[in-house]
$ cat data02.tsv   # TSV, C-alpha atoms and all ligand atoms
chain	number	residue	atom	x	y	z
A	728	MET	CA	63.68	73.16	37.74
A	729	ILE	CA	61.06	75.52	36.35
A	730	GLY	CA	60.58	76.27	32.66
A	731	ILE	CA	59.42	79.71	31.59
A	732	MET	CA	58.90	80.85	28.00
A	733	ALA	CA	56.39	82.64	25.78
A	734	CYS	CA	54.83	81.70	22.46
A	735	ASP	CA	51.96	82.76	20.23
A	736	GLN	CA	48.93	80.67	19.29
A	737	HIS	CA	50.99	78.81	16.67
A	738	TYR	CA	53.81	78.25	19.20
A	739	VAL	CA	56.14	80.74	17.52
A	740	ILE	CA	58.80	81.89	20.02
A	741	SER	CA	61.01	84.06	17.83
A	742	ASN	CA	61.39	85.72	14.46
A	743	LYS	CA	64.80	86.69	13.05
A	744	GLY	CA	66.31	86.69	16.52
A	745	ALA	CA	63.66	88.78	18.26
A	746	LEU	CA	60.30	88.37	19.95
A	747	PRO	CA	57.70	88.95	17.21
A	748	TRP	CA	55.23	90.67	19.54
A	749	ASN	CA	55.22	93.59	21.90
A	750	CYS	CA	53.61	92.59	25.18
A	751	PRO	CA	55.00	94.64	28.09
A	752	GLU	CA	52.60	93.04	30.57
A	753	GLU	CA	53.94	89.56	29.76
A	754	ILE	CA	57.55	90.80	29.97
A	755	ALA	CA	56.76	92.22	33.41
A	756	PHE	CA	55.41	88.82	34.53
A	757	TYR	CA	58.53	87.08	33.17
A	758	ARG	CA	60.94	89.55	34.76
A	759	GLY	CA	59.16	89.27	38.09
A	760	MET	CA	59.41	85.49	38.04
A	761	ILE	CA	63.13	85.26	37.21
A	762	LYS	CA	64.33	88.32	39.14
A	763	ASN	CA	67.64	87.57	40.91
A	764	GLN	CA	67.23	83.84	40.19
A	765	ILE	CA	69.32	81.25	38.33
A	766	VAL	CA	68.53	81.29	34.62
A	767	ILE	CA	69.60	78.53	32.25
A	768	MET	CA	69.62	79.02	28.50
A	769	GLY	CA	71.05	77.90	25.18
A	770	TYR	CA	73.92	79.74	23.53
A	771	LYS	CA	71.73	81.36	20.86
A	772	THR	CA	69.47	82.87	23.52
A	773	TYR	CA	72.50	83.95	25.57
A	774	ALA	CA	73.99	85.68	22.51
A	775	GLN	CA	70.99	88.06	22.44
A	776	MET	CA	71.16	89.04	26.11
A	777	PRO	CA	72.47	92.44	27.20
A	778	LEU	CA	75.33	92.51	29.73
A	779	SER	CA	72.92	93.85	32.38
A	780	PHE	CA	71.03	90.53	32.25
A	781	LEU	CA	74.22	88.69	33.26
A	782	GLU	CA	74.80	91.14	36.08
A	783	GLU	CA	71.28	90.76	37.46
A	784	HIS	CA	70.94	86.96	37.34
A	785	THR	CA	73.03	83.86	37.89
A	786	VAL	CA	73.39	82.77	34.27
A	787	VAL	CA	74.18	79.25	33.05
A	788	VAL	CA	74.72	78.77	29.30
A	789	PHE	CA	74.47	75.48	27.42
A	790	SER	CA	77.12	75.38	24.71
A	791	LYS	CA	79.46	72.92	23.06
A	792	GLU	CA	80.96	75.16	20.38
A	793	HIS	CA	81.16	78.72	21.71
A	794	HIS	CA	82.86	78.50	25.12
A	795	ASN	CA	85.39	81.18	24.19
A	796	GLU	CA	82.66	83.66	23.30
A	797	ILE	CA	80.83	83.49	26.63
A	798	HIS	CA	81.32	86.21	29.26
A	799	ARG	CA	83.17	85.29	32.47
A	800	LEU	CA	80.07	86.21	34.52
A	801	ALA	CA	78.21	83.23	33.01
A	802	LYS	CA	78.73	79.57	33.85
A	803	ILE	CA	79.06	77.24	30.86
A	804	VAL	CA	77.85	73.64	30.67
A	805	SER	CA	78.01	71.14	27.81
A	806	SER	CA	75.36	68.68	29.02
A	807	LEU	CA	72.59	68.10	31.57
A	808	ASP	CA	75.03	65.98	33.60
A	809	ALA	CA	77.45	68.91	33.74
A	810	LEU	CA	74.59	71.16	34.91
A	811	HIS	CA	73.74	68.75	37.72
A	812	GLN	CA	77.40	68.67	38.74
A	813	LEU	CA	77.68	72.45	39.16
A	814	ASN	CA	78.29	72.92	42.87
A	815	ASP	CA	78.55	76.70	43.08
A	816	LEU	CA	74.96	77.68	42.29
A	817	PRO	CA	73.32	79.71	45.08
A	818	ALA	CA	71.22	77.28	47.14
A	819	ASP	CA	68.64	79.91	48.07
A	820	LYS	CA	67.64	80.62	44.47
A	821	GLN	CA	65.33	78.86	42.04
A	822	CYS	CA	66.47	77.48	38.69
A	823	PHE	CA	64.60	78.66	35.59
A	824	MET	CA	65.11	77.15	32.14
A	825	ILE	CA	64.33	80.12	29.87
A	826	GLY	CA	64.90	78.64	26.37
A	827	GLY	CA	65.32	78.72	23.44
A	828	ALA	CA	63.61	75.86	21.65
A	829	GLU	CA	66.67	73.55	21.50
A	830	ILE	CA	67.29	73.77	25.22
A	831	ALA	CA	63.58	73.43	26.07
A	832	LYS	CA	63.56	70.26	23.95
A	833	LEU	CA	66.65	68.93	25.73
A	834	PHE	CA	65.12	69.49	29.18
A	835	LEU	CA	61.65	68.19	28.31
A	836	GLU	CA	62.93	65.07	26.55
A	837	ASN	CA	64.99	64.27	29.63
A	838	LYS	CA	62.09	65.00	32.01
A	839	ALA	CA	64.26	67.63	33.66
A	840	ILE	CA	61.46	70.18	34.24
A	841	ASP	CA	59.09	70.02	37.22
A	842	HIS	CA	56.71	72.65	35.98
A	843	PHE	CA	56.61	74.97	33.02
A	844	TYR	CA	55.09	78.45	32.78
A	845	LEU	CA	54.22	78.94	29.13
A	846	SER	CA	52.74	82.30	28.22
A	847	GLU	CA	50.45	82.22	25.22
A	848	ILE	CA	50.37	85.56	23.44
A	849	GLU	CA	47.15	86.27	21.57
A	850	GLY	CA	47.27	86.02	17.80
A	851	TYR	CA	49.54	84.64	15.12
A	852	HIS	CA	52.92	86.14	14.31
A	853	PRO	CA	55.65	85.53	11.72
A	854	GLY	CA	58.26	83.21	13.18
A	855	ASP	CA	61.26	80.98	12.50
A	856	VAL	CA	61.68	79.24	15.88
A	857	PHE	CA	58.86	77.22	17.48
A	858	PHE	CA	58.21	75.89	20.97
A	859	PRO	CA	58.24	72.04	21.08
A	860	ILE	CA	54.67	71.91	22.39
A	861	LYS	CA	54.23	68.15	21.76
A	862	LEU	CA	56.66	67.52	24.60
A	863	LEU	CA	54.19	69.10	27.03
A	864	SER	CA	51.24	67.02	25.81
A	865	GLU	CA	51.29	64.73	28.85
A	866	TYR	CA	51.63	67.54	31.39
A	867	PRO	CA	48.27	68.61	32.83
A	868	ARG	CA	47.94	72.38	32.65
A	869	THR	CA	46.17	74.99	34.72
A	870	LEU	CA	45.57	78.65	33.97
A	871	HIS	CA	48.06	80.57	36.10
A	872	LEU	CA	47.32	84.13	35.00
A	873	SER	CA	45.16	85.92	32.48
A	874	GLY	CA	46.35	89.22	31.03
A	875	ALA	CA	44.79	91.60	28.50
A	876	SER	CA	46.47	89.93	25.49
A	877	PHE	CA	48.10	86.81	26.93
A	878	LYS	CA	47.48	83.87	29.25
A	879	VAL	CA	50.04	82.03	31.34
A	880	TYR	CA	49.52	78.28	31.66
A	881	CYS	CA	51.35	76.18	34.20
A	882	TYR	CA	52.14	72.64	33.01
A	883	ARG	CA	53.01	70.26	35.84
A	884	HIS	CA	55.01	67.11	35.39
A	885	LEU	CA	53.28	64.06	36.86
A	886	LYS	CA	55.84	62.21	38.96
A	887	GLY	CA	56.23	58.46	38.87
B	901	LIG	N1	59.76	83.38	23.36
B	901	LIG	C1	60.55	82.90	24.30
B	901	LIG	O1	60.12	82.60	25.42
B	901	LIG	C2	62.02	82.70	24.00
B	901	LIG	C3	62.86	82.27	25.04
B	901	LIG	C4	64.21	82.07	24.76
B	901	LIG	C5	64.69	82.27	23.48
B	901	LIG	N2	63.84	82.68	22.50
B	901	LIG	C6	64.34	82.84	21.13
B	901	LIG	O2	64.72	81.55	20.66
B	901	LIG	C7	65.79	81.70	19.73
B	901	LIG	C8	66.91	80.73	20.07
B	901	LIG	O3	66.40	79.42	20.21
B	901	LIG	P1	67.16	78.19	19.57
B	901	LIG	O4	66.35	76.98	19.84
B	901	LIG	O5	67.51	78.51	18.15
B	901	LIG	O6	68.56	78.16	20.37
B	901	LIG	P2	68.93	78.00	21.94
B	901	LIG	O7	68.19	76.85	22.53
B	901	LIG	O8	68.82	79.32	22.61
B	901	LIG	O9	70.49	77.68	21.84
B	901	LIG	C9	70.95	76.61	21.04
B	901	LIG	C10	72.41	76.36	21.37
B	901	LIG	O10	72.50	75.72	22.63
B	901	LIG	C11	73.59	74.81	22.64
B	901	LIG	N3	73.07	73.45	22.85
B	901	LIG	C12	71.96	72.86	22.30
B	901	LIG	N4	71.83	71.59	22.75
B	901	LIG	C13	72.88	71.39	23.61
B	901	LIG	C14	73.30	70.28	24.39
B	901	LIG	N5	72.63	69.10	24.37
B	901	LIG	N6	74.40	70.41	25.15
B	901	LIG	C15	75.08	71.59	25.17
B	901	LIG	N7	74.74	72.66	24.44
B	901	LIG	C16	73.66	72.56	23.68
B	901	LIG	C17	74.26	74.92	21.30
B	901	LIG	O11	75.26	75.94	21.45
B	901	LIG	P3	76.70	75.85	20.73
B	901	LIG	O12	76.41	76.08	19.28
B	901	LIG	O13	77.51	76.93	21.37
B	901	LIG	O14	77.22	74.47	21.01
B	901	LIG	C18	73.12	75.43	20.41
B	901	LIG	O15	73.59	76.11	19.27
B	901	LIG	C19	66.26	83.14	19.82
B	901	LIG	O16	65.83	83.83	18.66
B	901	LIG	C20	65.55	83.70	21.03
B	901	LIG	O17	65.19	85.04	20.87
B	901	LIG	C21	62.53	82.92	22.74

$ encode --input "data02.tsv" --output "structure tokens" --more "lines below"
Ligand SMILES: NC(=O)c1ccc[n+]([C@@H]2O[C@H](COP(=O)([O-])OP(=O)(O)OC[C@H]3O[C@@H](n4cnc5c(N)ncnc54)[C@H](OP(=O)(O)O)[C@@H]3O)[C@@H](O)[C@H]2O)c1
Amino acid sequence: MIGIMACDQHYVISNKGALPWNCPEEIAFYRGMIKNQIVIMGYKTYAQMPLSFLEEHTVVVFSKEHHNEIHRLAKIVSSLDALHQLNDLPADKQCFMIGGAEIAKLFLENKAIDHFYLSEIEGYHPGDVFFPIKLLSEYPRTLHLSGASFKVYCYRHLKG
């Protein structure tokens, strides 16, 4: 399981339901990483996705309350156990946990992420949802990629 998300230098990930920055180069990195793969997200993140995103990826949505509002193209799970029990995910694809903050917290608290690509966008932006950065404090990080206005760090979980 790979985590992939973006934040600013104060760990803001969202403002009023949208990314508070415009960074096409980072979006291109993100899209390239998750292209045609399995993407796992919380309901609030799912609710902002266009239909084309569901058509282009294998989408799994974490939800307890909104099952009836989720498109038939997406798979719905109510817990990490239910995710692990899904037996119809394509075996040749990688699983990416793409957020938001609640689902990142769930996965990190349960040590369910092997490595996490966290893009840090330059600067400070207004925000109302924050990445739970403390949960990565024990993961050694390496610089994966350096762009004009962002850096991607890879945090690796130490096994054992
Ligand atoms: N910058 C980035 O990289 C990035 C990435 C993704 C999202 N975002 C932004 O983050 C915001 C959303 O983040 P968020 O933290 O508010 O919400 P979220 O993690 O996307 O979704 C939260 C929802 O997930 C479900 N959920 C949470 N814990 C669960 C559990 N243990 N079992 C089953 N379902 C569970 C619940 O859905 P129900 O209410 O249906 O039960 C909950 O309301 C959006 O504005 C989005 O744009 C940013």

$ residues_near_ligand --input "data02.tsv" --ligand "ligand LIG 901 (chain B)" --cutoff "7 Å" --atoms "only C-alpha atoms and all ligand atoms" --output "tab-separated table (two decimals) with C-alpha atoms, keeping the file's coordinate frame"
chain	number	residue	atom	x	y	z
A	731	ILE	CA	59.42	79.71	31.59
A	732	MET	CA	58.90	80.85	28.00
A	733	ALA	CA	56.39	82.64	25.78
A	734	CYS	CA	54.83	81.70	22.46
A	740	ILE	CA	58.80	81.89	20.02
A	741	SER	CA	61.01	84.06	17.83
A	742	ASN	CA	61.39	85.72	14.46
A	743	LYS	CA	64.80	86.69	13.05
A	744	GLY	CA	66.31	86.69	16.52
A	745	ALA	CA	63.66	88.78	18.26
A	746	LEU	CA	60.30	88.37	19.95
A	768	MET	CA	69.62	79.02	28.50
A	769	GLY	CA	71.05	77.90	25.18
A	770	TYR	CA	73.92	79.74	23.53
A	771	LYS	CA	71.73	81.36	20.86
A	772	THR	CA	69.47	82.87	23.52
A	773	TYR	CA	72.50	83.95	25.57
A	775	GLN	CA	70.99	88.06	22.44
A	789	PHE	CA	74.47	75.48	27.42
A	790	SER	CA	77.12	75.38	24.71
A	791	LYS	CA	79.46	72.92	23.06
A	792	GLU	CA	80.96	75.16	20.38
A	793	HIS	CA	81.16	78.72	21.71
A	794	HIS	CA	82.86	78.50	25.12
A	804	VAL	CA	77.85	73.64	30.67
A	805	SER	CA	78.01	71.14	27.81
A	806	SER	CA	75.36	68.68	29.02
A	825	ILE	CA	64.33	80.12	29.87
A	826	GLY	CA	64.90	78.64	26.37
A	827	GLY	CA	65.32	78.72	23.44
A	828	ALA	CA	63.61	75.86	21.65
A	829	GLU	CA	66.67	73.55	21.50
A	830	ILE	CA	67.29	73.77	25.22
A	831	ALA	CA	63.58	73.43	26.07
A	833	LEU	CA	66.65	68.93	25.73
A	856	VAL	CA	61.68	79.24	15.88

$ residues_around --input "data02.tsv" --residues "Glu782 in chain A" --least-positions-apart "2" --cutoff "12 Å" --atoms "all atoms listed in the file" --output "PyMOL selection string"
chain A and resi 762-766+776-780+784-786+798-801

$ closest_residue --input "data02.tsv" --among "A:Leu885, A:Tyr844, A:Val788, A:Phe858" --to "Leu870 in chain A" --atoms "all atoms listed in the file"
A:Tyr844

$ closest_residue --input "data02.tsv" --among "A:His737, A:His842, A:Lys832, A:His852" --to "Thr869 in chain A" --atoms "all atoms listed in the file"
A:His842

$ atom_distance --input "data02.tsv" --atom1 "CA of Phe756 in chain A" --atom2 "CA of Ser876 in chain A"
12.8 Å

$ closest_residue --input "data02.tsv" --among "A:Val739, A:Val879, A:Ile767, A:Leu835" --to "Tyr866 in chain A" --atoms "all atoms listed in the file"
A:Leu835

$ atom_distance --input "data02.tsv" --atom1 "CA of Cys881 in chain A" --atom2 "CA of Phe843 in chain A"
5.5 Å

$ closest_residue --input "data02.tsv" --among "A:Ile840, A:Leu862, A:His884, A:Val787" --to "Asp815 in chain A" --atoms "all atoms listed in the file"
A:Val787

$ atom_distance --input "data02.tsv" --atom1 "CA of His871 in chain A" --atom2 "CA of Met824 in chain A"
17.8 Å

$ decode --input "data02.tsv" --residues "range 793-804 of chain A" --atoms "all heavy atoms" --output "mmCIF file, in the first residue's frame"
data_model
loop_
_atom_site.group_PDB
_atom_site.id
_atom_site.type_symbol
_atom_site.label_atom_id
_atom_site.label_comp_id
_atom_site.auth_asym_id
_atom_site.auth_seq_id
_atom_site.Cartn_x
_atom_site.Cartn_y
_atom_site.Cartn_z
ATOM 1 N N HIS A 793 -22.622 6.907 3.626
ATOM 2 C CA HIS A 793 -23.091 7.391 2.320
ATOM 3 C C HIS A 793 -23.110 6.321 1.232
ATOM 4 O O HIS A 793 -22.963 6.646 0.054
ATOM 5 C CB HIS A 793 -22.222 8.571 1.852
ATOM 6 C CG HIS A 793 -22.347 9.783 2.711
ATOM 7 N ND1 HIS A 793 -21.530 10.021 3.792
ATOM 8 C CD2 HIS A 793 -23.219 10.820 2.656
ATOM 9 C CE1 HIS A 793 -21.890 11.163 4.365
ATOM 10 N NE2 HIS A 793 -22.902 11.668 3.697
ATOM 11 N N HIS A 794 -23.296 5.055 1.624
ATOM 12 C CA HIS A 794 -23.227 3.968 0.628
ATOM 13 C C HIS A 794 -24.161 4.208 -0.556
ATOM 14 O O HIS A 794 -23.811 3.939 -1.700
ATOM 15 C CB HIS A 794 -23.573 2.622 1.280
ATOM 16 C CG HIS A 794 -22.484 2.116 2.166
ATOM 17 N ND1 HIS A 794 -22.311 0.798 2.474
ATOM 18 C CD2 HIS A 794 -21.482 2.775 2.812
ATOM 19 C CE1 HIS A 794 -21.264 0.655 3.255
ATOM 20 N NE2 HIS A 794 -20.754 1.836 3.490
ATOM 21 N N ASN A 795 -25.344 4.741 -0.279
ATOM 22 C CA ASN A 795 -26.333 4.913 -1.351
ATOM 23 C C ASN A 795 -25.963 6.018 -2.334
ATOM 24 O O ASN A 795 -26.560 6.117 -3.395
ATOM 25 C CB ASN A 795 -27.719 5.224 -0.767
ATOM 26 C CG ASN A 795 -28.244 4.047 0.002
ATOM 27 O OD1 ASN A 795 -27.810 2.922 -0.226
ATOM 28 N ND2 ASN A 795 -29.143 4.295 0.951
ATOM 29 N N GLU A 796 -24.994 6.842 -1.951
ATOM 30 C CA GLU A 796 -24.646 7.975 -2.819
ATOM 31 C C GLU A 796 -23.377 7.709 -3.626
ATOM 32 O O GLU A 796 -22.839 8.609 -4.265
ATOM 33 C CB GLU A 796 -24.475 9.235 -1.974
ATOM 34 C CG GLU A 796 -25.813 9.750 -1.468
ATOM 35 C CD GLU A 796 -25.685 10.473 -0.139
ATOM 36 O OE1 GLU A 796 -24.950 11.456 -0.093
ATOM 37 O OE2 GLU A 796 -26.336 10.025 0.819
ATOM 38 N N ILE A 797 -22.897 6.470 -3.595
ATOM 39 C CA ILE A 797 -21.634 6.158 -4.272
ATOM 40 C C ILE A 797 -21.912 5.397 -5.571
ATOM 41 O O ILE A 797 -22.706 4.456 -5.604
ATOM 42 C CB ILE A 797 -20.701 5.377 -3.316
ATOM 43 C CG1 ILE A 797 -20.331 6.288 -2.125
ATOM 44 C CG2 ILE A 797 -19.446 4.907 -4.040
ATOM 45 C CD1 ILE A 797 -19.565 5.632 -1.007
ATOM 46 N N HIS A 798 -21.261 5.834 -6.642
ATOM 47 C CA HIS A 798 -21.481 5.294 -7.985
ATOM 48 C C HIS A 798 -21.177 3.794 -8.045
ATOM 49 O O HIS A 798 -20.253 3.330 -7.353
ATOM 50 C CB HIS A 798 -20.571 6.051 -8.961
ATOM 51 C CG HIS A 798 -20.936 5.885 -10.398
ATOM 52 N ND1 HIS A 798 -20.575 4.773 -11.122
ATOM 53 C CD2 HIS A 798 -21.640 6.686 -11.225
ATOM 54 C CE1 HIS A 798 -21.020 4.899 -12.360
ATOM 55 N NE2 HIS A 798 -21.685 6.056 -12.457
ATOM 56 N N ARG A 799 -21.893 3.077 -8.906
ATOM 57 C CA ARG A 799 -21.713 1.616 -8.987
ATOM 58 C C ARG A 799 -20.315 1.232 -9.479
ATOM 59 O O ARG A 799 -19.865 0.106 -9.290
ATOM 60 C CB ARG A 799 -22.786 0.982 -9.889
ATOM 61 C CG ARG A 799 -22.761 1.547 -11.270
ATOM 62 C CD ARG A 799 -23.729 0.944 -12.247
ATOM 63 N NE ARG A 799 -23.703 1.729 -13.471
ATOM 64 C CZ ARG A 799 -22.723 1.687 -14.366
ATOM 65 N NH1 ARG A 799 -21.707 0.880 -14.210
ATOM 66 N NH2 ARG A 799 -22.752 2.453 -15.440
ATOM 67 N N LEU A 800 -19.619 2.152 -10.135
ATOM 68 C CA LEU A 800 -18.252 1.848 -10.608
ATOM 69 C C LEU A 800 -17.256 1.747 -9.444
ATOM 70 O O LEU A 800 -16.182 1.168 -9.595
ATOM 71 C CB LEU A 800 -17.759 2.939 -11.568
ATOM 72 C CG LEU A 800 -18.252 2.869 -13.004
ATOM 73 C CD1 LEU A 800 -17.726 4.068 -13.781
ATOM 74 C CD2 LEU A 800 -17.794 1.575 -13.663
ATOM 75 N N ALA A 801 -17.602 2.332 -8.302
ATOM 76 C CA ALA A 801 -16.681 2.317 -7.159
ATOM 77 C C ALA A 801 -17.012 1.169 -6.218
ATOM 78 O O ALA A 801 -18.168 0.745 -6.118
ATOM 79 C CB ALA A 801 -16.784 3.641 -6.403
ATOM 80 N N LYS A 802 -15.982 0.655 -5.555
ATOM 81 C CA LYS A 802 -16.198 -0.344 -4.504
ATOM 82 C C LYS A 802 -16.258 0.410 -3.180
ATOM 83 O O LYS A 802 -15.534 1.395 -2.993
ATOM 84 C CB LYS A 802 -15.043 -1.345 -4.478
ATOM 85 C CG LYS A 802 -14.888 -2.089 -5.802
ATOM 86 C CD LYS A 802 -13.684 -2.999 -5.784
ATOM 87 C CE LYS A 802 -13.312 -3.447 -7.187
ATOM 88 N NZ LYS A 802 -14.377 -4.108 -7.922
ATOM 89 N N ILE A 803 -17.113 -0.068 -2.273
ATOM 90 C CA ILE A 803 -17.289 0.633 -0.996
ATOM 91 C C ILE A 803 -16.831 -0.280 0.127
ATOM 92 O O ILE A 803 -17.175 -1.471 0.139
ATOM 93 C CB ILE A 803 -18.781 0.980 -0.771
ATOM 94 C CG1 ILE A 803 -19.352 1.689 -1.997
ATOM 95 C CG2 ILE A 803 -18.954 1.818 0.482
ATOM 96 C CD1 ILE A 803 -20.866 1.793 -1.982
ATOM 97 N N VAL A 804 -16.049 0.283 1.069
ATOM 98 C CA VAL A 804 -15.675 -0.480 2.261
ATOM 99 C C VAL A 804 -15.948 0.365 3.502
ATOM 100 O O VAL A 804 -15.910 1.594 3.452
ATOM 101 C CB VAL A 804 -14.188 -0.922 2.236
ATOM 102 C CG1 VAL A 804 -13.944 -1.950 1.136
ATOM 103 C CG2 VAL A 804 -13.252 0.264 2.072
#
